[in-house]
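Chemist: One structure, pasted below without further comment.
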Amino acid sequence: MEHIRVPKVENVRLTDRINPRKSSVGTLYLTATHTIFVESETGVRSETWVLHSLVCSVEKQAPTATGCPLLIHCKNFQVLHFVFPQECDCHDVQVSLQRLSQPECYEELYCFSYKPNIDKEERQQQWDFLDLKAEFSRMGVPNSLWKLSSVNRDYKVSDTYPADLFVPKSATPPLIVGSSKFRSRGRFPTLSYYCKENHAAICRSSQPLSGFSARCLEDEQMLEAILRSNPRSDFMYVVDTRPKLNAIANRAAGKGYENEDNYSNIKFQFIAIENIHVMRNSQQKMLEVCELRSPSMSDFLEGLESSGWLKHIKAVVDAGIFIAKAVAEEGVSVLVHCSDGWDRTAQVCSVACVFDSKLLFSHPTNTGSEVSPIIDQFLECVWQLMEQFPCAFEFNERFLITIHSHIYSCQYGNFIGNNQRERKELGVRERTHSLWMYLWTNRTDYINPLYRPDHSQTQGLLRPSTAPYCFKFWRGLYNRFDKGMHPRQSVQDYLMAIQEETQQLEEQLASHQKVGDYLALANTPQDYTEGFITSSPCQHRAPESSLIILPQELNQTFDPNLSNNSDQESGIADLSCRSPLSEDSTRDPDSDEAAYFAA
Amino acid sequence: MEFAELIKTPRVDGVVLHRPFMPTVEGTLCLTGHHLILSSRQDNTEELWLLHSNIDSIEKRFVGCLGSIIVKCKDLRVIQLDIPGMEECLNIASSIEALSTLDSISLMYPFFYRPMFEVIDDGWNSFLPEDAFKDLESMTDEWRLSEVNKDFSVCPSYAPLVAVPKGIDDDTLRKVATFRHGGRFPVLSYYHKKNGMVMMRAGQPLTGTNGRRCKEDEKLINATLRPGKRGYIIDTRTINVAQQAKARGGGFESEANYPQWRRIHKAIERSNVLQDSLIKLVEACNDQSHNMDRWLSKLEASNWQTHVKEILTTACLAAQCIDREGASVLVHGTEGADSTLQVTSLAQIILDPACRTIRGFQGLIEREWLQAGHPFQQRCAQSAYSNSKPRQEAPVFLLFLDCVWQILRQFPCSFEFNENFLVQLFEHAYASQFGTFMGNSAAERAKLSLPEKTVSLWSWVNRPQELERLSNPLYEANSLVIWPSVAPQSLLLWEGVFLRWNRSSKCLDEAYEEMVHIIEYNKELQNKVNSLRRQLAQLETEDPLLQTP
């Protein structure tokens with residue numbers, strides 16, 4: 001722990017970003033994995049834990065009369081504003097955190113030191129929980145049209161692709177290798193989603209190395225093989241998710257896009273989604289808007305507009321809809337690519353899949369995108385759809401936010417490394433834990449109470465509106481830590497509590513009915529000859545069953561005078577949790593005070 | 001009757017109706033004195049019944065001899081009628097135009113409407129000031145109900161009965177009335193039971209440029225202060241606007257004459273600005289360009305959300321002064337009948353759990369809007385599609401409802417009513433078969449004999465069938481003060497009104513039904529378990545031997 005220059009600083013002030021008047025004083029600890037702030041003033045010990053891997057930037061500001069401020073931005077959009085009494089402490093914490101938050105090698109990542117109490121076997125099971133091969137088998141491949149190819153087993157054809165890939169049945173290894181040589185970074189067309197019902201497929205690849213006129217027979221044959229794998233269709237779409245200008249510019253570098261004349265029966269289409277640099281900039285701008293201190297409505301809306309973020313989200317959803325419609329409605333296969341085919345392509349394919357299959361718990365799309373706003377956008381696109389189709393998804397917003405957090409936290413091995421080869425080399429499966437299992441184990445927290453598998457919204461293709469007003473700012477993620485901004489009562493939590501109660505009631509009902517049946521039976525006059533032998537028919541039939549069948553709480557809360565106490569609450573767990581108003585609505589309005597008094 | 005002259009063509013066959021997100025309907029168009037009706041011969045196709053008074057404006061288009069009339073309604077819906085025959089189309093258009101802009105109030109539909117339901121609970125008698133005062137009397141004896149305005153001579157826009165401090169006699173009130181805009185002397189708006197603090201409202205003081213003062217006015221409002229305590233005057237205008245008002249005889253309470261009061265200026269916009277804002281917002285919502293930048297910039301330029309934020313913030317401030325600072329508050333703007341009422345009524349929703357019930361909310365609208373003299377008829381004469389130059393129109397009440405909706409969104413379990421109720425109130429304020437929102441003041445309503453000649457909206461609402469539709473299944477009485485967030489991120493566009501006709505609500509309606517189903521199933525189970533428990537108890541008492549040892 002040579003990186004920790006100062007393990008503990010006292011009398012540090014944590015100020016509230018929205019309302020600087022509301023701050024707390026406490027002790028700051030630096031550990032190997034976390035920054036911990038322990039509030040010392042109040043009777044209730046309140047702690048703030050921040051994982052080093054979530055720290056995005058540590059900024060020391062000019063000292064003021066009150067002390068030396070340190071601003072910490074986190075990748076999960078938490079912003080912490082500390083004020084240190086001593087400048088040297090502030091400096092030491094800054095330097096330590098900068099080092100701790102930027103691991104120099106994979107080995108330093110938290111997932112390699114994160115040791116929950118789980119044995120080795122269970123860990124292995126965790127990783128088997130989500131198996132991509134099983135995912136494909138759920139889609140219905142391999143079959144007579146698609147086969148598993150081992151051509152990339154040693155990551156030699158494309159080092160950024162997984163080892164197991166699905167390709168058209170007729171695609172021979174030489175064909176694949178030939179095609180891969182004509183594709184940027186060897187990322188040849190491979191299956192991403194297969195629609196059992198109509199055989200249409202979504203494939204992805206990187207851009208062709210077409211330059212101004214280059215051709216590749218194998219690549220052309222590869223596309224034809226994909227087309228033929230969809231026997232009912234006589235053409236396929238090739239979708240380039242870049243703005244046309246970018247694609248044209250790439251031609252000068254010997255890359256580019258497919259020429260419709262060289263490929264038989266393709267329809268080529270640009271769907272303009274900006275590249276990762278534009279997206280990162282846009283997100284940065286939006287986050288700056290989120291962080292404004294008491295902004296006016298105009299500041300906020302103008303900032304949101306000029307960030308362009310929602311425009312990009314809409315573009316991704318539009319692209320997803322195009323592809324999903326092509327596959328599910330037209331029954332036409334689609335090849336999607338951008339430049340390298342790992343950001344926009346993966347994103348658009350996933351969004352398209354969401355429309356069709358609604359992404360249940362069992363198959364989150366683990367495409368292994370590098371950490372970028374691209375995956376944020378994917379999660380946000382799903383959230384936007386959830387807003388339009390509240391009954392269509394089995395999971396809730398919290399699920400998306402938790403995934404988001406862990407993509408950056410490096411607590412689980414799922415998102416580390418850039419591709420399967422790197423993950424294998426790192427021994428991710430042997431040395432780290434899987435997020436999907438964690439989510440599954442805690443699934444009650446992530447269930448959407450409005451979801452029903454037989455609901456009409458879960459059937460068939462989702463048809464979202466992409467009118468601009470249907471896209472909303474995702475406060476739940478980007479202002480996640482500004483507690484005062486969120487609804488003080490959550491419908492979702494309320495319904496979840498109700499459902500839990502309902503479940504308990506169902507159990508009670510079943511056990512009461514049993515007891516009731518039994519008592520009714522006991523009270524029915526019958527079998528008189530036997531009756532004379534023992535004093536009570538009840539005791540005779542089941543001397544102890546009344547004690548066994550009666551549920552515990554019935555014995556405890558049973559009130560013999562119940563008949564004149566008809567409104568008695570049933571003896572289920574305390575429901576105070578059901579009303580989520582709790583302390584929030586009673587809480588001090590001071591946090592809003594600044595806002596109310598402002599101007 | 002007069003209507004017959006206006007209806008040139010009472011009936012046209014083969015008219016095609018286009019409505020957003022609904023199948024087109026072909027049928028017969030009929031015009032009556034108050035309705036535009038389109039009925040098809042097919043069964044189970046919905047008929048269209050549109051009140052002429054709901055029509056904001058119409059447009060005509062011709063392609064060959066097929067004419068189309070685009071009808072834009074005050075509830076923001078836009079429908080299209082394709083009418084075969086040029087002459088018929090022109091006739092229908094001019095008839096609609098005439099019928100939807102009738103000048104004479106006595107020709108309005110509420111005077112002709114006969115309820116098809118039995119009036120059990122007559123809404124006209126449900127919220128009388130004397131009843132509200134009885135509640136107040138049970139909490140404090142510091143106030144009295146004055147009859148000084150019994151014939152509406154002291155303040156034409158006030159109700160005949162108003163609550164004023166006990167120590168202030170009617171003569172003083174008469175003098176104060178001459179010092180306040182529109183005769184609107186300070187009256188009680190809300191009494192905060194928790195700490196005895198009050199909220200009052202009034203018109204602006206008529207100080208003028210030479211700083212006129214009125215001892216009686218000072219005496220009146222000081223009478224509401226506890227010894228040694230200061231109060232807050234919330235002026236809904238900016239200091240500049242308030243200064244400018246002096247030139248026109250208005251003004252504000254100076255520190256020198258009101259040393260016990262601290263004045264805070266806020267910036268709630270005036271009527272014509274608000275109307276303009278509504279028109280821009282609705283225009284943005286109807287923009288078909290599908291361009292994100294354009295949508296966001298139009299939304300921003302409309303300033304609607306800015307108004308929502310400003311009004312809510314001011315209401316929170318008033319509530320905070322009362323509940324947290326333990327101070328009494330006087331709220332006014334210029335006339336004291338628009339922004340003032342937005343603030344006083346919203347503050348009560350924040351502070352008083354009773355206002356969050358269906359009945360309590362009705363009472364609030366009666367007290368703080370109808371009896372307080374909000375000029376509904378002027379403000380709601382036209383909506384967002386009007387072509388005519390706005391005169392007195394302003395979506396003041398709609399903004400209030402929007403703010404309530406914002407609080408409802410943030411505290412979804414604390415209101416007995418749901419969004420439907422708010423939408424319904426918006427519709428009825430602009431066009432209605434009921435007399436509740438007719439006229440501009442209690443005086444006008446009395447003159448029109450509305451209680452005798454029309455049905456109250458509350459009579460309709462307070463029937464079990466309707467109450468069920470308006471009830472919030474999530475409601476659990478919350479006795480606490482609720483503090484909404486006014487951050488821009490927390491304030492949303494009220495889709496239920498502004499996007500209502502622009503997107504299908506099917507999926508959201510389904511989600512609502514699903515929610516209702518979850519809650520009802522839970523209740524059903526609870527009842528079953530309870531009744532089983534009773535049965536078990538019964539069985540056990542019948543057979544003592546079964547009792548557990």
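In the structure tokens, chains take the letters A, B, ... in the order shown, each chain's residues start at 1, and ligands count up from 1 in the order shown.
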For chain A, report every residue with an atom at most 6 Å from chain B (counting only C-alpha atoms), formatted as an NGL selection string.

Modeler: :A and (297-298 or 301 or 305 or 311 or 389-391 or 467-468 or 485 or 487-489 or 502 or 509 or 560 or 563 or 585 or 596)

Chemist: The selected residues should be written to file as an mmCIF file, in the first residue's frame (atoms: N, CA, C and O atoms).

Modeler:
data_model
loop_
_atom_site.group_PDB
_atom_site.id
_atom_site.type_symbol
_atom_site.label_atom_id
_atom_site.label_comp_id
_atom_site.auth_asym_id
_atom_site.auth_seq_id
_atom_site.Cartn_x
_atom_site.Cartn_y
_atom_site.Cartn_z
ATOM 1 N N MET A 297 -34.291 26.776 -15.550
ATOM 2 C CA MET A 297 -34.846 25.835 -16.513
ATOM 3 C C MET A 297 -34.172 26.013 -17.879
ATOM 4 O O MET A 297 -33.851 25.037 -18.549
ATOM 5 N N SER A 298 -33.943 27.261 -18.253
ATOM 6 C CA SER A 298 -33.332 27.520 -19.554
ATOM 7 C C SER A 298 -31.895 27.014 -19.605
ATOM 8 O O SER A 298 -31.473 26.428 -20.588
ATOM 9 N N LEU A 301 -32.240 23.196 -20.092
ATOM 10 C CA LEU A 301 -32.730 22.747 -21.401
ATOM 11 C C LEU A 301 -31.777 23.141 -22.525
ATOM 12 O O LEU A 301 -31.529 22.360 -23.440
ATOM 13 N N GLU A 305 -29.793 20.504 -24.840
ATOM 14 C CA GLU A 305 -29.866 20.555 -26.292
ATOM 15 C C GLU A 305 -28.471 20.649 -26.900
ATOM 16 O O GLU A 305 -28.128 19.881 -27.802
ATOM 17 N N LYS A 311 -30.067 13.537 -28.914
ATOM 18 C CA LYS A 311 -30.079 13.356 -30.361
ATOM 19 C C LYS A 311 -29.359 12.049 -30.714
ATOM 20 O O LYS A 311 -29.818 11.268 -31.544
ATOM 21 N N PHE A 389 -42.577 1.429 -22.540
ATOM 22 C CA PHE A 389 -43.237 0.128 -22.381
ATOM 23 C C PHE A 389 -43.032 -0.392 -20.951
ATOM 24 O O PHE A 389 -42.211 -1.275 -20.725
ATOM 25 N N PRO A 390 -43.788 0.163 -20.019
ATOM 26 C CA PRO A 390 -43.499 -0.132 -18.615
ATOM 27 C C PRO A 390 -43.716 -1.600 -18.233
ATOM 28 O O PRO A 390 -43.230 -2.018 -17.189
ATOM 29 N N CYS A 391 -44.436 -2.336 -19.035
ATOM 30 C CA CYS A 391 -44.706 -3.731 -18.658
ATOM 31 C C CYS A 391 -43.848 -4.719 -19.441
ATOM 32 O O CYS A 391 -43.990 -5.930 -19.270
ATOM 33 N N ALA A 467 -40.511 9.970 -31.755
ATOM 34 C CA ALA A 467 -40.701 11.418 -31.761
ATOM 35 C C ALA A 467 -39.784 11.990 -30.680
ATOM 36 O O ALA A 467 -39.612 11.364 -29.638
ATOM 37 N N PRO A 468 -39.200 13.151 -30.946
ATOM 38 C CA PRO A 468 -38.196 13.670 -30.002
ATOM 39 C C PRO A 468 -38.711 13.776 -28.568
ATOM 40 O O PRO A 468 -37.971 13.548 -27.622
ATOM 41 N N MET A 485 -33.393 15.284 -5.842
ATOM 42 C CA MET A 485 -34.032 15.519 -7.141
ATOM 43 C C MET A 485 -35.034 14.445 -7.510
ATOM 44 O O MET A 485 -35.803 14.606 -8.441
ATOM 45 N N PRO A 487 -38.136 11.558 -7.115
ATOM 46 C CA PRO A 487 -39.422 11.469 -6.429
ATOM 47 C C PRO A 487 -39.230 10.939 -5.017
ATOM 48 O O PRO A 487 -38.422 10.042 -4.788
ATOM 49 N N ARG A 488 -39.946 11.535 -4.083
ATOM 50 C CA ARG A 488 -39.758 11.154 -2.682
ATOM 51 C C ARG A 488 -40.476 9.864 -2.354
ATOM 52 O O ARG A 488 -40.303 9.299 -1.300
ATOM 53 N N GLN A 489 -41.369 9.458 -3.211
ATOM 54 C CA GLN A 489 -42.040 8.177 -3.021
ATOM 55 C C GLN A 489 -41.902 7.431 -4.337
ATOM 56 O O GLN A 489 -42.059 8.007 -5.399
ATOM 57 N N THR A 502 -48.339 -9.717 -0.930
ATOM 58 C CA THR A 502 -49.283 -10.601 -1.600
ATOM 59 C C THR A 502 -48.806 -12.050 -1.532
ATOM 60 O O THR A 502 -49.591 -12.961 -1.257
ATOM 61 N N LEU A 509 -52.935 -17.847 3.144
ATOM 62 C CA LEU A 509 -54.234 -18.310 2.693
ATOM 63 C C LEU A 509 -54.207 -19.824 2.537
ATOM 64 O O LEU A 509 -55.104 -20.534 3.009
ATOM 65 N N PRO A 560 -58.834 -14.536 19.951
ATOM 66 C CA PRO A 560 -60.101 -15.272 20.005
ATOM 67 C C PRO A 560 -61.294 -14.339 19.817
ATOM 68 O O PRO A 560 -62.372 -14.759 19.439
ATOM 69 N N SER A 563 -63.863 -12.015 16.083
ATOM 70 C CA SER A 563 -65.155 -11.818 15.434
ATOM 71 C C SER A 563 -65.683 -10.400 15.619
ATOM 72 O O SER A 563 -66.323 -9.863 14.742
ATOM 73 N N SER A 585 -40.072 12.566 3.315
ATOM 74 C CA SER A 585 -40.982 13.694 3.215
ATOM 75 C C SER A 585 -40.955 14.538 4.476
ATOM 76 O O SER A 585 -41.304 15.701 4.453
ATOM 77 N N TYR A 596 -35.361 27.369 -3.251
ATOM 78 C CA TYR A 596 -36.578 28.170 -3.121
ATOM 79 C C TYR A 596 -36.234 29.651 -2.996
ATOM 80 O O TYR A 596 -36.892 30.516 -3.526
#

Chemist: Would you give me, as a PyMOL selection string, the residues in range 220-267 of chain A that DSSP reads as alpha helix (DSSP H)?

Modeler: chain A and resi 220-228+244-251

Chemist: Can those selected residues be exported to a file as an mmCIF file, in the first residue's frame so that it contains N, CA, C and O atoms?

Modeler:
data_model
loop_
_atom_site.group_PDB
_atom_site.id
_atom_site.type_symbol
_atom_site.label_atom_id
_atom_site.label_comp_id
_atom_site.auth_asym_id
_atom_site.auth_seq_id
_atom_site.Cartn_x
_atom_site.Cartn_y
_atom_site.Cartn_z
ATOM 1 N N GLU A 220 -17.259 -11.173 -50.801
ATOM 2 C CA GLU A 220 -18.519 -11.128 -51.540
ATOM 3 C C GLU A 220 -19.267 -12.444 -51.384
ATOM 4 O O GLU A 220 -20.486 -12.476 -51.203
ATOM 5 N N GLN A 221 -18.487 -13.547 -51.426
ATOM 6 C CA GLN A 221 -19.114 -14.866 -51.240
ATOM 7 C C GLN A 221 -19.649 -15.038 -49.824
ATOM 8 O O GLN A 221 -20.675 -15.659 -49.597
ATOM 9 N N MET A 222 -18.923 -14.469 -48.905
ATOM 10 C CA MET A 222 -19.339 -14.547 -47.494
ATOM 11 C C MET A 222 -20.715 -13.892 -47.323
ATOM 12 O O MET A 222 -21.609 -14.444 -46.685
ATOM 13 N N LEU A 223 -20.869 -12.714 -47.913
ATOM 14 C CA LEU A 223 -22.156 -12.033 -47.798
ATOM 15 C C LEU A 223 -23.253 -12.824 -48.509
ATOM 16 O O LEU A 223 -24.394 -12.883 -48.034
ATOM 17 N N GLU A 224 -22.873 -13.421 -49.605
ATOM 18 C CA GLU A 224 -23.855 -14.215 -50.320
ATOM 19 C C GLU A 224 -24.269 -15.434 -49.494
ATOM 20 O O GLU A 224 -25.428 -15.824 -49.470
ATOM 21 N N ALA A 225 -23.276 -16.002 -48.795
ATOM 22 C CA ALA A 225 -23.575 -17.140 -47.926
ATOM 23 C C ALA A 225 -24.552 -16.728 -46.825
ATOM 24 O O ALA A 225 -25.471 -17.475 -46.465
ATOM 25 N N ILE A 226 -24.348 -15.524 -46.305
ATOM 26 C CA ILE A 226 -25.265 -15.026 -45.267
ATOM 27 C C ILE A 226 -26.663 -14.858 -45.858
ATOM 28 O O ILE A 226 -27.660 -15.259 -45.261
ATOM 29 N N LEU A 227 -26.692 -14.276 -47.054
ATOM 30 C CA LEU A 227 -27.982 -14.094 -47.725
ATOM 31 C C LEU A 227 -28.674 -15.435 -47.939
ATOM 32 O O LEU A 227 -29.871 -15.583 -47.676
ATOM 33 N N ARG A 228 -27.895 -16.417 -48.372
ATOM 34 C CA ARG A 228 -28.501 -17.728 -48.661
ATOM 35 C C ARG A 228 -28.945 -18.458 -47.393
ATOM 36 O O ARG A 228 -29.779 -19.344 -47.449
ATOM 37 N N LYS A 244 -22.328 9.228 -43.444
ATOM 38 C CA LYS A 244 -21.783 8.930 -44.761
ATOM 39 C C LYS A 244 -20.420 9.588 -44.974
ATOM 40 O O LYS A 244 -19.495 8.977 -45.512
ATOM 41 N N LEU A 245 -20.294 10.809 -44.477
ATOM 42 C CA LEU A 245 -19.052 11.537 -44.684
ATOM 43 C C LEU A 245 -17.860 10.812 -44.060
ATOM 44 O O LEU A 245 -16.793 10.712 -44.651
ATOM 45 N N ASN A 246 -18.051 10.296 -42.862
ATOM 46 C CA ASN A 246 -16.984 9.559 -42.180
ATOM 47 C C ASN A 246 -16.575 8.346 -43.001
ATOM 48 O O ASN A 246 -15.409 8.021 -43.127
ATOM 49 N N ALA A 247 -17.596 7.651 -43.535
ATOM 50 C CA ALA A 247 -17.317 6.439 -44.292
ATOM 51 C C ALA A 247 -16.537 6.765 -45.559
ATOM 52 O O ALA A 247 -15.580 6.078 -45.915
ATOM 53 N N ILE A 248 -16.941 7.855 -46.180
ATOM 54 C CA ILE A 248 -16.248 8.254 -47.411
ATOM 55 C C ILE A 248 -14.801 8.624 -47.096
ATOM 56 O O ILE A 248 -13.867 8.231 -47.788
ATOM 57 N N ALA A 249 -14.635 9.343 -45.982
ATOM 58 C CA ALA A 249 -13.281 9.742 -45.592
ATOM 59 C C ALA A 249 -12.406 8.514 -45.364
ATOM 60 O O ALA A 249 -11.210 8.517 -45.645
ATOM 61 N N ASN A 250 -13.021 7.431 -44.857
ATOM 62 C CA ASN A 250 -12.269 6.214 -44.598
ATOM 63 C C ASN A 250 -11.745 5.559 -45.870
ATOM 64 O O ASN A 250 -10.792 4.790 -45.827
ATOM 65 N N ARG A 251 -12.402 5.865 -46.992
ATOM 66 C CA ARG A 251 -11.962 5.237 -48.235
ATOM 67 C C ARG A 251 -10.544 5.661 -48.591
ATOM 68 O O ARG A 251 -9.758 4.889 -49.124
#

Chemist: Distance CA of Ala381 in chain B-CA of Glu393 in chain B, one decimal place?

Modeler: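 Atom-to-atom, CA of Ala381 in chain B to CA of Glu393 in chain B, that is 6.2 Å.
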
Chemist: Which one is closest to Ser192 in chain A: A:Pro69, A:Pro174, A:Pro208, A:Pro168? Count only C-alpha atoms.

Modeler: A:Pro168

Chemist: Using DSSP assignments from the backbone, pull out every residue in range 45-291 of chain B that falls under strand (DSSP E or B) and give it to me as JSON, numbers by chain.

Modeler: {"B": [48, 49, 50, 51, 55, 56, 57, 58, 59, 60, 61, 62, 63, 66, 67, 68, 69, 70, 71, 72, 73, 78, 79, 80, 81, 82, 83, 84, 143, 144, 145, 146, 162, 163, 164, 165, 180, 187, 188, 189, 190, 191, 192, 197, 198, 199, 200, 201, 205, 231, 232, 233, 234, 235, 261, 262, 263, 264, 265]}

Chemist: Show me, as number ranges by chain, the residues that have an atom within 8 Å of Asn265 in chain A when counting only C-alpha atoms, minus same-chain residues fewer than 6 positions from it.

Modeler: A: 234-236

Chemist: For Arg263 in chain B, find every residue with an atom within 10 Å (counting only C-alpha atoms), except residues of its own chain fewer than 6 positions away, and show them as a list in words.

Modeler: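 In the requested format, the answer is Gly231, Tyr232, Ile233, Ile234, Asp235, Ile239, Phe252, Glu253, Ser254, Glu255, Val329, Leu330 and Val331 of chain B.
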
Chemist: Just C-alpha atoms for this one: save the residues we selected as an mmCIF file, in the first residue's frame.

Modeler:
data_model
loop_
_atom_site.group_PDB
_atom_site.id
_atom_site.type_symbol
_atom_site.label_atom_id
_atom_site.label_comp_id
_atom_site.auth_asym_id
_atom_site.auth_seq_id
_atom_site.Cartn_x
_atom_site.Cartn_y
_atom_site.Cartn_z
ATOM 1 C CA GLY B 231 -43.938 38.195 8.861
ATOM 2 C CA TYR B 232 -43.125 37.772 5.198
ATOM 3 C CA ILE B 233 -44.752 39.549 2.283
ATOM 4 C CA ILE B 234 -44.312 37.554 -0.897
ATOM 5 C CA ASP B 235 -44.725 39.808 -3.899
ATOM 6 C CA ILE B 239 -38.890 44.445 -7.770
ATOM 7 C CA PHE B 252 -45.699 47.531 -2.703
ATOM 8 C CA GLU B 253 -45.382 47.706 1.062
ATOM 9 C CA SER B 254 -42.430 49.866 2.016
ATOM 10 C CA GLU B 255 -40.073 48.835 4.825
ATOM 11 C CA VAL B 329 -47.233 35.303 5.153
ATOM 12 C CA LEU B 330 -49.062 37.774 2.932
ATOM 13 C CA VAL B 331 -49.059 36.985 -0.785
#

Chemist: Near Leu206 in chain B, within 12 Å and counting only C-alpha atoms, which residues show up once chain neighbours fewer than 5 positions away are dropped, as a ChimeraX atom specification?

Modeler: /B:176-185,211-214,217,242-243,245-254,333-335

Chemist: What does the distance from CA of Asp89 in chain A to CA of Val6 in chain A come to in Å, to one decimal?

Modeler: 7.3 Å

Chemist: Pick the closest to Val382 in chain A from A:Asn230, A:Thr31, A:Gln347, A:Ser409: which is it, counting only C-alpha atoms?

Modeler: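 Closest candidate: A:Gln347.
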
Chemist: Please determine, counting only C-alpha atoms, which residue among A:Ser101, A:Ser206, A:Gln388, A:Gln420 has the shortest atom-to-atom distance to Pro162 in chain A.

Modeler: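 The shortest atom-to-atom distance to Pro162 in chain A comes from A:Gln420.
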
Chemist: Taking into account only C-alpha atoms, which residue in the set B:Glu26, B:Glu47, B:Ser157, B:Pro20 is nearest to Arg445 in chain B?

Modeler: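 Nearest candidate to Arg445 in chain B out of B:Glu26, B:Glu47, B:Ser157, B:Pro20: B:Ser157.
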
Chemist: Taking only C-alpha atoms into account, name the residue in A:Tyr412, A:Tyr263, A:Tyr469, A:Tyr194 that is nearest to Lys115 in chain A.

Modeler: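 Ranking A:Tyr412, A:Tyr263, A:Tyr469, A:Tyr194 by distance to Lys115 in chain A, first place goes to A:Tyr412.
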
Chemist: Near His35 in chain B, within 7 Å and counting only C-alpha atoms, which residues show up once chain neighbours fewer than 6 positions away are dropped, as a PyMOL selection string?

Modeler: chain B and resi 49-52

Chemist: Would you export the selected residues with N, CA, C and O atoms as a PDB file, in the first residue's frame, please?

Modeler:
ATOM      1  N   TRP B  49     -68.757  13.418 -29.940  1.00  0.00           N
ATOM      2  CA  TRP B  49     -69.599  14.497 -29.416  1.00  0.00           C
ATOM      3  C   TRP B  49     -68.669  15.595 -28.975  1.00  0.00           C
ATOM      4  O   TRP B  49     -67.930  15.431 -28.006  1.00  0.00           O
ATOM      5  N   LEU B  50     -68.699  16.680 -29.676  1.00  0.00           N
ATOM      6  CA  LEU B  50     -67.782  17.757 -29.336  1.00  0.00           C
ATOM      7  C   LEU B  50     -68.584  19.003 -29.013  1.00  0.00           C
ATOM      8  O   LEU B  50     -69.429  19.426 -29.791  1.00  0.00           O
ATOM      9  N   LEU B  51     -68.316  19.565 -27.850  1.00  0.00           N
ATOM     10  CA  LEU B  51     -68.972  20.813 -27.484  1.00  0.00           C
ATOM     11  C   LEU B  51     -68.432  21.934 -28.368  1.00  0.00           C
ATOM     12  O   LEU B  51     -67.227  22.048 -28.549  1.00  0.00           O
ATOM     13  N   HIS B  52     -69.307  22.725 -28.911  1.00  0.00           N
ATOM     14  CA  HIS B  52     -68.824  23.861 -29.710  1.00  0.00           C
ATOM     15  C   HIS B  52     -67.902  24.748 -28.883  1.00  0.00           C
ATOM     16  O   HIS B  52     -66.932  25.288 -29.389  1.00  0.00           O
TER      17      HIS B  52
END
